[in-house]
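Please read the structure below before turning to the comments.
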Amino acid sequence: MPSGTDAPLHPVQHHAGIEAMTDKLAAQVAAVLDAAIRARGSAVLAVSGGSTPAPLYRALSQLDIDWARVTVLLVDERWVEPGEAGSNEGFVRETLLTGRAADARFIGLKTPDLSPFNGAAGLAMRVRDAGRIDLAVLGMGSDGHTASWFPRARGLEAALSTEGPPVAAIEARPSAVTGDYLLRMTLTRAALKQARHLLLMIRGEDKLAALEAARAPGPVKDMPVRALLRDAALPLAIHWTD
(Lines give C-alpha, C1' and ligand atoms only; values in the text may rest on other atoms or scores of the structure.)
Protein backbone atom coordinates (compact mmCIF):
# COMPACT_ATOMS: atom_id res chain seq x y z
CA MET A 1 0.00 0.00 0.00
CA PRO A 2 1.45 3.41 -0.89
CA SER A 3 2.26 5.71 1.98
CA GLY A 4 2.42 9.42 2.64
CA THR A 5 0.97 11.69 0.00
CA ASP A 6 0.73 8.75 -2.42
CA ALA A 7 -1.74 6.87 -0.21
CA PRO A 8 -5.27 6.50 -1.59
CA LEU A 9 -7.79 8.91 -0.11
CA HIS A 10 -10.04 6.01 0.88
CA PRO A 11 -8.02 2.87 1.72
CA VAL A 12 -9.46 -0.60 1.21
CA GLN A 13 -10.40 -2.72 4.19
CA HIS A 14 -9.76 -6.38 3.36
CA HIS A 15 -11.88 -9.19 4.82
CA ALA A 16 -11.22 -12.92 5.10
CA GLY A 17 -14.27 -14.02 3.12
CA ILE A 18 -17.82 -12.86 2.52
CA GLU A 19 -19.05 -14.07 5.92
CA ALA A 20 -16.48 -11.99 7.77
CA MET A 21 -17.30 -8.94 5.70
CA THR A 22 -21.03 -9.48 6.18
CA ASP A 23 -20.74 -9.82 9.95
CA LYS A 24 -18.65 -6.67 10.31
CA LEU A 25 -20.75 -4.53 8.02
CA ALA A 26 -24.08 -5.72 9.44
CA ALA A 27 -22.94 -4.56 12.86
CA GLN A 28 -21.76 -1.24 11.46
CA VAL A 29 -24.94 -0.58 9.51
CA ALA A 30 -27.11 -1.49 12.49
CA ALA A 31 -25.12 0.89 14.71
CA VAL A 32 -25.56 3.75 12.24
CA LEU A 33 -29.30 3.17 11.93
CA ASP A 34 -29.78 2.84 15.69
CA ALA A 35 -27.83 6.06 16.30
CA ALA A 36 -29.87 7.94 13.70
CA ILE A 37 -33.13 6.76 15.22
CA ARG A 38 -32.00 7.79 18.70
CA ALA A 39 -30.82 11.19 17.47
CA ARG A 40 -33.55 12.13 15.00
CA GLY A 41 -36.34 9.58 15.39
CA SER A 42 -35.81 7.99 11.97
CA ALA A 43 -33.12 6.72 9.59
CA VAL A 44 -32.61 6.48 5.83
CA LEU A 45 -30.74 3.50 4.33
CA ALA A 46 -29.95 3.57 0.59
CA VAL A 47 -29.22 0.18 -0.96
CA SER A 48 -27.87 -1.17 -4.24
CA GLY A 49 -28.52 -4.40 -6.11
CA GLY A 50 -26.00 -7.09 -6.98
CA SER A 51 -24.88 -10.37 -5.51
CA THR A 52 -22.22 -8.93 -3.17
CA PRO A 53 -24.57 -7.16 -0.70
CA ALA A 54 -27.19 -9.94 -0.65
CA PRO A 55 -25.76 -11.68 2.46
CA LEU A 56 -25.56 -8.31 4.21
CA TYR A 57 -29.21 -7.59 3.50
CA ARG A 58 -30.31 -10.99 4.73
CA ALA A 59 -28.32 -10.51 7.93
CA LEU A 60 -29.76 -7.03 8.48
CA SER A 61 -33.32 -8.26 7.99
CA GLN A 62 -33.00 -10.39 11.12
CA LEU A 63 -31.49 -7.75 13.39
CA ASP A 64 -33.39 -6.04 16.18
CA ILE A 65 -33.53 -2.59 14.62
CA ASP A 66 -36.60 -0.35 14.92
CA TRP A 67 -37.35 -0.94 11.26
CA ALA A 68 -40.67 0.93 11.37
CA ARG A 69 -38.55 4.09 11.70
CA VAL A 70 -36.28 3.22 8.77
CA THR A 71 -36.78 4.30 5.16
CA VAL A 72 -35.09 2.02 2.62
CA LEU A 73 -34.29 3.83 -0.60
CA LEU A 74 -32.88 2.32 -3.79
CA VAL A 75 -29.56 3.69 -5.04
CA ASP A 76 -30.49 2.84 -8.63
CA GLU A 77 -32.94 0.84 -10.69
CA ARG A 78 -33.20 -0.76 -14.09
CA TRP A 79 -36.24 0.45 -16.03
CA VAL A 80 -38.25 -2.73 -15.51
CA GLU A 81 -41.28 -3.48 -13.42
CA PRO A 82 -40.66 -4.71 -9.84
CA GLY A 83 -41.74 -8.26 -10.62
CA GLU A 84 -39.57 -8.61 -13.72
CA ALA A 85 -36.07 -9.99 -14.10
CA GLY A 86 -33.36 -7.46 -13.30
CA SER A 87 -35.45 -5.40 -10.87
CA ASN A 88 -33.47 -4.09 -7.92
CA GLU A 89 -36.73 -3.49 -6.10
CA GLY A 90 -37.63 -7.14 -6.41
CA PHE A 91 -34.15 -8.13 -5.22
CA VAL A 92 -34.31 -5.86 -2.17
CA ARG A 93 -37.78 -7.05 -1.25
CA GLU A 94 -36.55 -10.65 -1.33
CA THR A 95 -33.30 -10.13 0.57
CA LEU A 96 -33.79 -7.16 2.93
CA LEU A 97 -37.46 -6.32 3.35
CA THR A 98 -38.31 -9.60 5.04
CA GLY A 99 -38.35 -10.77 8.65
CA ARG A 100 -38.02 -7.88 11.05
CA ALA A 101 -37.13 -5.47 8.24
CA ALA A 102 -40.53 -5.98 6.61
CA ASP A 103 -41.73 -3.02 8.71
CA ALA A 104 -39.41 -0.58 6.91
CA ARG A 105 -40.78 2.05 4.56
CA PHE A 106 -39.57 1.50 1.00
CA ILE A 107 -38.96 3.98 -1.82
CA GLY A 108 -38.36 2.50 -5.24
CA LEU A 109 -37.09 4.33 -8.31
CA LYS A 110 -39.33 2.86 -11.01
CA THR A 111 -42.27 5.02 -12.07
CA PRO A 112 -45.08 4.21 -14.55
CA ASP A 113 -43.42 6.48 -17.12
CA LEU A 114 -42.28 5.01 -20.42
CA SER A 115 -38.73 6.25 -19.88
CA PRO A 116 -36.70 7.31 -16.84
CA PHE A 117 -36.14 10.61 -18.62
CA ASN A 118 -39.88 11.22 -18.32
CA GLY A 119 -40.08 10.15 -14.69
CA ALA A 120 -37.05 11.83 -13.11
CA ALA A 121 -38.61 15.19 -12.25
CA GLY A 122 -41.57 13.73 -10.39
CA LEU A 123 -39.45 11.16 -8.59
CA ALA A 124 -37.00 13.79 -7.36
CA MET A 125 -39.56 15.26 -4.97
CA ARG A 126 -40.32 11.86 -3.47
CA VAL A 127 -36.64 11.15 -2.88
CA ARG A 128 -36.03 14.59 -1.37
CA ASP A 129 -38.92 14.03 1.03
CA ALA A 130 -37.18 10.92 2.39
CA GLY A 131 -34.54 13.16 3.95
CA ARG A 132 -30.78 12.95 4.22
CA ILE A 133 -29.29 9.49 3.73
CA ASP A 134 -27.70 8.09 6.88
CA LEU A 135 -25.89 5.28 5.08
CA ALA A 136 -25.66 4.16 1.44
CA VAL A 137 -24.48 0.73 0.34
CA LEU A 138 -22.75 0.94 -3.04
CA GLY A 139 -21.17 -1.54 -5.41
CA MET A 140 -18.81 -1.22 -8.34
CA GLY A 141 -18.68 -2.90 -11.73
CA SER A 142 -15.60 -4.11 -13.53
CA ASP A 143 -16.14 -1.18 -15.92
CA GLY A 144 -15.74 1.32 -13.09
CA HIS A 145 -19.41 2.20 -12.68
CA THR A 146 -21.13 2.68 -9.34
CA ALA A 147 -24.84 3.27 -8.79
CA SER A 148 -25.95 3.57 -12.45
CA TRP A 149 -23.17 5.96 -13.34
CA PHE A 150 -22.04 4.10 -16.44
CA PRO A 151 -19.04 5.18 -18.51
CA ARG A 152 -19.94 7.86 -21.04
CA ALA A 153 -23.65 7.21 -20.64
CA ARG A 154 -26.35 9.60 -21.73
CA GLY A 155 -27.29 11.49 -18.57
CA LEU A 156 -23.95 10.88 -16.85
CA GLU A 157 -23.12 14.58 -16.57
CA ALA A 158 -26.33 15.23 -14.63
CA ALA A 159 -25.75 12.17 -12.45
CA LEU A 160 -22.26 13.34 -11.51
CA SER A 161 -23.23 16.93 -10.77
CA THR A 162 -22.66 17.98 -7.18
CA GLU A 163 -25.71 20.21 -7.34
CA GLY A 164 -29.23 19.67 -8.59
CA PRO A 165 -31.83 16.91 -8.28
CA PRO A 166 -31.22 13.77 -6.19
CA VAL A 167 -32.04 11.48 -9.11
CA ALA A 168 -31.03 11.33 -12.76
CA ALA A 169 -32.07 9.26 -15.75
CA ILE A 170 -29.39 7.23 -17.51
CA GLU A 171 -29.12 5.52 -20.86
CA ALA A 172 -26.01 3.37 -20.72
CA ARG A 173 -23.94 2.29 -23.68
CA PRO A 174 -24.41 -1.42 -24.44
CA SER A 175 -21.79 -3.59 -22.76
CA ALA A 176 -21.28 -6.95 -21.11
CA VAL A 177 -21.94 -5.23 -17.78
CA THR A 178 -25.22 -3.55 -18.71
CA GLY A 179 -26.67 -6.42 -20.68
CA ASP A 180 -30.01 -5.38 -22.13
CA TYR A 181 -30.76 -2.99 -19.26
CA LEU A 182 -29.65 0.31 -20.74
CA LEU A 183 -32.31 2.58 -19.25
CA ARG A 184 -31.83 3.30 -15.55
CA MET A 185 -32.73 5.68 -12.75
CA THR A 186 -30.02 6.55 -10.26
CA LEU A 187 -29.28 8.64 -7.22
CA THR A 188 -26.93 11.45 -8.14
CA ARG A 189 -23.63 12.57 -6.73
CA ALA A 190 -25.55 15.51 -5.26
CA ALA A 191 -27.64 13.07 -3.22
CA LEU A 192 -24.78 10.81 -2.17
CA LYS A 193 -22.47 13.63 -1.12
CA GLN A 194 -25.00 14.43 1.62
CA ALA A 195 -24.92 10.89 3.02
CA ARG A 196 -23.50 10.54 6.51
CA HIS A 197 -21.83 7.23 5.61
CA LEU A 198 -20.98 5.53 2.30
CA LEU A 199 -20.00 1.86 2.06
CA LEU A 200 -18.47 0.61 -1.17
CA MET A 201 -18.59 -3.21 -1.19
CA ILE A 202 -16.55 -5.10 -3.77
CA ARG A 203 -15.74 -8.77 -4.18
CA GLY A 204 -13.27 -10.66 -6.33
CA GLU A 205 -9.84 -10.05 -7.80
CA ASP A 206 -11.33 -8.53 -10.95
CA LYS A 207 -13.10 -5.85 -8.93
CA LEU A 208 -9.96 -5.12 -6.94
CA ALA A 209 -8.08 -4.67 -10.21
CA ALA A 210 -10.82 -2.36 -11.47
CA LEU A 211 -10.59 -0.33 -8.28
CA GLU A 212 -6.85 0.11 -8.75
CA ALA A 213 -7.46 1.16 -12.35
CA ALA A 214 -9.99 3.71 -11.15
CA ARG A 215 -7.42 5.12 -8.73
CA ALA A 216 -5.07 5.80 -11.63
CA PRO A 217 -5.20 9.09 -13.57
CA GLY A 218 -7.88 9.33 -16.20
CA PRO A 219 -11.23 10.92 -17.01
CA VAL A 220 -14.06 10.43 -14.54
CA LYS A 221 -16.43 9.74 -17.43
CA ASP A 222 -14.39 6.64 -18.32
CA MET A 223 -14.65 5.17 -14.80
CA PRO A 224 -17.32 7.18 -12.96
CA VAL A 225 -16.52 5.65 -9.55
CA ARG A 226 -13.59 8.09 -9.67
CA ALA A 227 -16.04 10.82 -8.67
CA LEU A 228 -16.21 9.17 -5.25
CA LEU A 229 -12.62 7.97 -4.96
CA ARG A 230 -11.21 11.44 -5.62
CA ASP A 231 -13.46 13.27 -3.17
CA ALA A 232 -11.54 13.62 0.11
CA ALA A 233 -14.60 15.05 1.87
CA LEU A 234 -16.76 11.97 1.38
CA PRO A 235 -17.29 9.64 4.37
CA LEU A 236 -16.45 6.69 2.11
CA ALA A 237 -15.33 3.28 3.42
CA ILE A 238 -14.24 0.64 0.92
CA HIS A 239 -14.58 -3.05 1.82
CA TRP A 240 -13.26 -5.95 -0.24
CA THR A 241 -13.16 -9.72 -0.04
CA ASP A 242 -12.21 -12.41 -2.52
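Chain identifiers are assigned as A, B, and so on, following the order in which chains appear in the C-alpha coordinates; residues are numbered from 1 within each chain, and ligands are numbered from 1 in order of appearance.
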Open item on the list: When DSSP is applied to the backbone of this structure, which of segment 85-149 of chain A are assigned alpha helix (DSSP H)? Write them out as a PyMOL selection string.
Closed with: chain A and resi 88-95+116-130
TODO: Skip Arg226 of chain A itself and residues of its chain fewer than 5 positions away, then list as a ChimeraX atom specification all residues within 12 Å of it, counting only C-alpha atoms.
DONE: /A:8-10,140,143-146,149-151,160,189,210-221,231-232
Please save N, CA, C and O atoms of the selected residues as a short mmCIF file (atom, residue, chain, number, x, y, z; two decimals), in the first residue's frame.
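Result file out-v7.cif:
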```
data_model
loop_
_atom_site.label_atom_id
_atom_site.label_comp_id
_atom_site.auth_asym_id
_atom_site.auth_seq_id
_atom_site.Cartn_x
_atom_site.Cartn_y
_atom_site.Cartn_z
N PRO A 8 -3.91 6.23 -1.10
CA PRO A 8 -5.27 6.50 -1.59
C PRO A 8 -6.07 7.28 -0.56
O PRO A 8 -5.87 7.11 0.66
N LEU A 9 -6.95 8.13 -1.02
CA LEU A 9 -7.79 8.91 -0.11
C LEU A 9 -8.65 8.00 0.76
O LEU A 9 -8.88 8.29 1.93
N HIS A 10 -9.14 6.93 0.18
CA HIS A 10 -10.04 6.01 0.88
C HIS A 10 -9.46 4.61 0.80
O HIS A 10 -9.72 3.88 -0.16
N MET A 140 -19.61 -1.72 -7.22
CA MET A 140 -18.81 -1.22 -8.34
C MET A 140 -18.67 -2.31 -9.38
O MET A 140 -18.44 -3.47 -9.04
N ASP A 143 -16.32 -2.32 -14.99
CA ASP A 143 -16.14 -1.18 -15.92
C ASP A 143 -15.94 0.14 -15.19
O ASP A 143 -15.83 1.19 -15.82
N GLY A 144 -15.93 0.10 -13.86
CA GLY A 144 -15.74 1.32 -13.09
C GLY A 144 -17.01 2.10 -12.84
O GLY A 144 -16.94 3.27 -12.44
N HIS A 145 -18.18 1.49 -13.01
CA HIS A 145 -19.41 2.20 -12.68
C HIS A 145 -19.77 1.93 -11.21
O HIS A 145 -19.40 0.91 -10.64
N THR A 146 -20.49 2.87 -10.63
CA THR A 146 -21.13 2.68 -9.34
C THR A 146 -22.50 3.32 -9.45
O THR A 146 -22.73 4.16 -10.32
N TRP A 149 -24.05 5.01 -12.66
CA TRP A 149 -23.17 5.96 -13.34
C TRP A 149 -22.28 5.16 -14.29
O TRP A 149 -21.17 4.77 -13.94
N PHE A 150 -22.77 4.91 -15.48
CA PHE A 150 -22.04 4.10 -16.44
C PHE A 150 -21.13 4.95 -17.31
O PHE A 150 -21.46 6.10 -17.63
N PRO A 151 -19.99 4.41 -17.72
CA PRO A 151 -19.04 5.18 -18.51
C PRO A 151 -19.68 5.80 -19.75
O PRO A 151 -20.34 5.11 -20.52
N LEU A 160 -23.50 13.03 -12.22
CA LEU A 160 -22.26 13.34 -11.51
C LEU A 160 -22.20 14.77 -10.99
O LEU A 160 -21.23 15.13 -10.31
N ARG A 189 -24.72 12.19 -7.62
CA ARG A 189 -23.63 12.57 -6.73
C ARG A 189 -24.11 13.63 -5.73
O ARG A 189 -23.68 13.64 -4.57
N ALA A 210 -10.08 -3.50 -10.93
CA ALA A 210 -10.82 -2.36 -11.47
C ALA A 210 -10.72 -1.16 -10.54
O ALA A 210 -10.61 -0.01 -10.99
N LEU A 211 -10.74 -1.42 -9.24
CA LEU A 211 -10.59 -0.33 -8.28
C LEU A 211 -9.23 0.34 -8.43
O LEU A 211 -9.12 1.58 -8.42
N GLU A 212 -8.18 -0.46 -8.57
CA GLU A 212 -6.85 0.11 -8.75
C GLU A 212 -6.75 0.89 -10.06
O GLU A 212 -6.10 1.94 -10.13
N ALA A 213 -7.43 0.42 -11.09
CA ALA A 213 -7.46 1.16 -12.35
C ALA A 213 -8.18 2.49 -12.18
O ALA A 213 -7.78 3.52 -12.75
N ALA A 214 -9.23 2.48 -11.39
CA ALA A 214 -9.99 3.71 -11.15
C ALA A 214 -9.19 4.71 -10.32
O ALA A 214 -9.39 5.92 -10.43
N ARG A 215 -8.28 4.22 -9.52
CA ARG A 215 -7.42 5.12 -8.73
C ARG A 215 -6.38 5.83 -9.60
O ARG A 215 -5.84 6.87 -9.22
N ALA A 216 -6.09 5.23 -10.75
CA ALA A 216 -5.07 5.80 -11.63
C ALA A 216 -5.61 7.05 -12.32
O ALA A 216 -6.83 7.27 -12.40
N PRO A 217 -4.74 7.90 -12.84
CA PRO A 217 -5.20 9.09 -13.57
C PRO A 217 -6.06 8.71 -14.76
O PRO A 217 -5.85 7.67 -15.40
N GLY A 218 -7.01 9.55 -15.06
CA GLY A 218 -7.88 9.33 -16.20
C GLY A 218 -9.19 10.05 -16.02
O GLY A 218 -9.53 10.47 -14.91
N PRO A 219 -9.96 10.20 -17.09
CA PRO A 219 -11.23 10.92 -17.01
C PRO A 219 -12.26 10.21 -16.13
O PRO A 219 -12.37 8.98 -16.16
N VAL A 220 -12.98 10.99 -15.37
CA VAL A 220 -14.06 10.43 -14.54
C VAL A 220 -15.11 9.76 -15.41
O VAL A 220 -15.66 8.72 -15.04
N LYS A 221 -15.39 10.30 -16.58
CA LYS A 221 -16.43 9.74 -17.43
C LYS A 221 -16.08 8.34 -17.94
O LYS A 221 -16.95 7.59 -18.36
N ASP A 231 -12.84 12.27 -4.03
CA ASP A 231 -13.46 13.27 -3.17
C ASP A 231 -13.03 13.02 -1.72
O ASP A 231 -13.56 12.14 -1.04
N ALA A 232 -12.08 13.82 -1.24
CA ALA A 232 -11.54 13.62 0.11
C ALA A 232 -12.58 13.91 1.19
O ALA A 232 -12.44 13.44 2.33
#
```
Task: Residues within 10 Å of Leu96 of chain A, only C-alpha atoms, excluding chain neighbours under 4 positions, as a PyMOL selection string - done: chain A and resi 47+53-62+72+91-92+100-102+104
Restricting it to N, CA, C and O atoms, dump the selection as a short mmCIF file (atom, residue, chain, number, x, y, z; two decimals), in the first residue's frame.
```
data_model
loop_
_atom_site.label_atom_id
_atom_site.label_comp_id
_atom_site.auth_asym_id
_atom_site.auth_seq_id
_atom_site.Cartn_x
_atom_site.Cartn_y
_atom_site.Cartn_z
N VAL A 47 -29.79 1.49 -0.65
CA VAL A 47 -29.22 0.18 -0.96
C VAL A 47 -29.13 -0.06 -2.46
O VAL A 47 -29.96 0.42 -3.24
N PRO A 53 -23.91 -7.57 -1.95
CA PRO A 53 -24.57 -7.16 -0.70
C PRO A 53 -25.70 -8.08 -0.24
O PRO A 53 -26.24 -7.86 0.84
N ALA A 54 -26.06 -9.08 -1.02
CA ALA A 54 -27.19 -9.94 -0.65
C ALA A 54 -27.04 -10.55 0.75
O ALA A 54 -28.00 -10.51 1.55
N PRO A 55 -25.89 -11.14 1.10
CA PRO A 55 -25.76 -11.68 2.46
C PRO A 55 -25.90 -10.60 3.54
O PRO A 55 -26.44 -10.87 4.62
N LEU A 56 -25.41 -9.40 3.25
CA LEU A 56 -25.56 -8.31 4.21
C LEU A 56 -27.02 -7.99 4.43
O LEU A 56 -27.47 -7.83 5.58
N TYR A 57 -27.79 -7.91 3.36
CA TYR A 57 -29.21 -7.59 3.50
C TYR A 57 -29.95 -8.67 4.28
O TYR A 57 -30.81 -8.36 5.12
N ARG A 58 -29.63 -9.91 4.00
CA ARG A 58 -30.31 -10.99 4.73
C ARG A 58 -29.97 -10.95 6.22
O ARG A 58 -30.83 -11.20 7.07
N ALA A 59 -28.71 -10.63 6.52
CA ALA A 59 -28.32 -10.51 7.93
C ALA A 59 -29.04 -9.34 8.60
O ALA A 59 -29.55 -9.46 9.72
N LEU A 60 -29.10 -8.20 7.92
CA LEU A 60 -29.76 -7.03 8.48
C LEU A 60 -31.24 -7.28 8.75
O LEU A 60 -31.80 -6.80 9.74
N SER A 61 -31.87 -8.03 7.86
CA SER A 61 -33.32 -8.26 7.99
C SER A 61 -33.69 -8.96 9.28
O SER A 61 -34.85 -8.90 9.71
N GLN A 62 -32.73 -9.64 9.90
CA GLN A 62 -33.00 -10.39 11.12
C GLN A 62 -32.58 -9.65 12.38
O GLN A 62 -32.77 -10.16 13.49
N VAL A 72 -36.04 2.68 3.53
CA VAL A 72 -35.09 2.02 2.62
C VAL A 72 -35.30 2.60 1.23
O VAL A 72 -36.41 2.55 0.69
N PHE A 91 -35.29 -7.55 -5.94
CA PHE A 91 -34.15 -8.13 -5.22
C PHE A 91 -34.13 -7.68 -3.77
O PHE A 91 -33.95 -8.48 -2.84
N VAL A 92 -34.34 -6.39 -3.53
CA VAL A 92 -34.31 -5.86 -2.17
C VAL A 92 -35.49 -6.37 -1.36
O VAL A 92 -35.36 -6.66 -0.16
N ARG A 100 -37.79 -9.10 10.27
CA ARG A 100 -38.02 -7.88 11.05
C ARG A 100 -38.01 -6.63 10.18
O ARG A 100 -38.69 -5.65 10.48
N ALA A 101 -37.24 -6.64 9.10
CA ALA A 101 -37.13 -5.47 8.24
C ALA A 101 -38.35 -5.25 7.35
O ALA A 101 -38.41 -4.26 6.63
N ALA A 102 -39.32 -6.15 7.40
CA ALA A 102 -40.53 -5.98 6.61
C ALA A 102 -41.31 -4.73 7.03
O ALA A 102 -42.15 -4.23 6.26
N ALA A 104 -40.03 -1.80 7.43
CA ALA A 104 -39.41 -0.58 6.91
C ALA A 104 -40.27 0.04 5.81
O ALA A 104 -40.96 -0.66 5.06
#
```
TODO: Go through A:Ala130, A:Leu114, A:Val75, A:Leu138 one by one, measure the shortest atom-to-atom distance of each to Ala159 of chain A using only C-alpha atoms, and give the residue with the smallest value.
DONE: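 Ranked by minimum distance to Ala159 of chain A, first place goes to A:Val75.
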Open item on the list: Using only C-alpha atoms, can you tell me which of A:Gly41, A:Pro235, A:Gly108, A:Gly83 comes closest to Leu200 of chain A?
Closed with: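 Smallest distance to Leu200 of chain A is found for A:Pro235.
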TODO: Step one, run DSSP on the backbone; step two, keep only residues of segment 1-199 of chain A assigned to strand (DSSP E); then write them as a PyMOL selection string.
DONE: chain A and resi 12-15+43-47+70-74+76-78+105-107+135-138+167-171+183-187+198-199
Open item on the list: Measuring between only C-alpha atoms, which one of A:Gly141, A:Pro166, A:Gly50, A:Gly155 shows the shortest distance to Asp129 of chain A?
Closed with: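 Nearest to Asp129 of chain A: A:Pro166.
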- [ ] Quick one: pull the distance between atom CA of Ala46 of chain A and atom CA of Ala27 of chain A, Å, one decimal.
- [x]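 A separation of 16.3 Å between them.
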Open item on the list: Taking 2 positions as the minimum chain separation for residues in the same chain, which residues sit within 12 Å of Asn118 of chain A when counting only C-alpha atoms? Answer as a list in words.
Closed with: Trp79, Lys110, Thr111, Pro112, Asp113, Leu114, Ser115, Pro116, Ala120, Ala121, Gly122, Leu123, Ala124, Ala168, Ala169, Ile170, Leu183, Arg184 and Met185 of chain A
Open item on the list: Need the shell around Asn88 of chain A: protein/DNA/RNA residues with any atom at most 8 Å away, counting only C-alpha atoms. Skip same-chain ones fewer than 3 positions apart. Format as a PyMOL selection string?
Closed with: chain A and resi 48-49+74+76-78+82+91-92
Since we have the selection now, will you write its residues out, keeping N, CA and C atoms, as a CSV table (one decimal), in the first residue's frame?
```csv
chain,number,residue,atom,x,y,z
A,48,SER,N,-28.1,-0.8,-2.8
A,48,SER,CA,-27.9,-1.2,-4.2
A,48,SER,C,-28.2,-2.6,-4.5
A,49,GLY,N,-28.3,-3.0,-5.7
A,49,GLY,CA,-28.5,-4.4,-6.1
A,49,GLY,C,-27.2,-5.1,-6.2
A,74,LEU,N,-33.8,2.9,-2.8
A,74,LEU,CA,-32.9,2.3,-3.8
A,74,LEU,C,-31.8,3.3,-4.2
A,76,ASP,N,-30.2,2.8,-7.2
A,76,ASP,CA,-30.5,2.8,-8.6
A,76,ASP,C,-31.4,1.7,-9.0
A,77,GLU,N,-32.0,1.8,-10.2
A,77,GLU,CA,-32.9,0.8,-10.7
A,77,GLU,C,-32.9,0.7,-12.2
A,78,ARG,N,-33.0,-0.5,-12.7
A,78,ARG,CA,-33.2,-0.8,-14.1
A,78,ARG,C,-34.7,-0.4,-14.4
A,82,PRO,N,-41.2,-4.0,-11.0
A,82,PRO,CA,-40.7,-4.7,-9.8
A,82,PRO,C,-40.7,-6.2,-9.9
A,91,PHE,N,-35.3,-7.6,-5.9
A,91,PHE,CA,-34.2,-8.1,-5.2
A,91,PHE,C,-34.1,-7.7,-3.8
A,92,VAL,N,-34.3,-6.4,-3.5
A,92,VAL,CA,-34.3,-5.9,-2.2
A,92,VAL,C,-35.5,-6.4,-1.4
```
Open item on the list: Which residue is closest to Pro165 of chain A? Choose from A:Arg128, A:Val177, A:Leu234, A:Leu135 and count only C-alpha atoms.
Closed with: A:Arg128
Open item on the list: Please report the interatomic distance between atom CA of Thr22 of chain A and atom CA of Arg93 of chain A in Å with one decimal.
Closed with: 18.5 Å
- [ ] Provide the atom CA of Glu163 of chain A to atom CA of Leu187 of chain A distance in Å, to one decimal place.
- [x]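 Going from atom CA of Glu163 of chain A over to atom CA of Leu187 of chain A, I get 12.1 Å.
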Open item on the list: Nearest residue to Gly204 of chain A out of A:Arg38, A:Trp67, A:Ser51, A:Ala136, using only C-alpha atoms?
Closed with: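 Using only C-alpha atoms, the shortest distance to Gly204 of chain A belongs to A:Ser51.
Distances from A:Val32, A:Ala153, A:Thr241, A:Asp180 to Ala85 of chain A were compared using only C-alpha atoms, and the smallest one belongs to A:Asp180.
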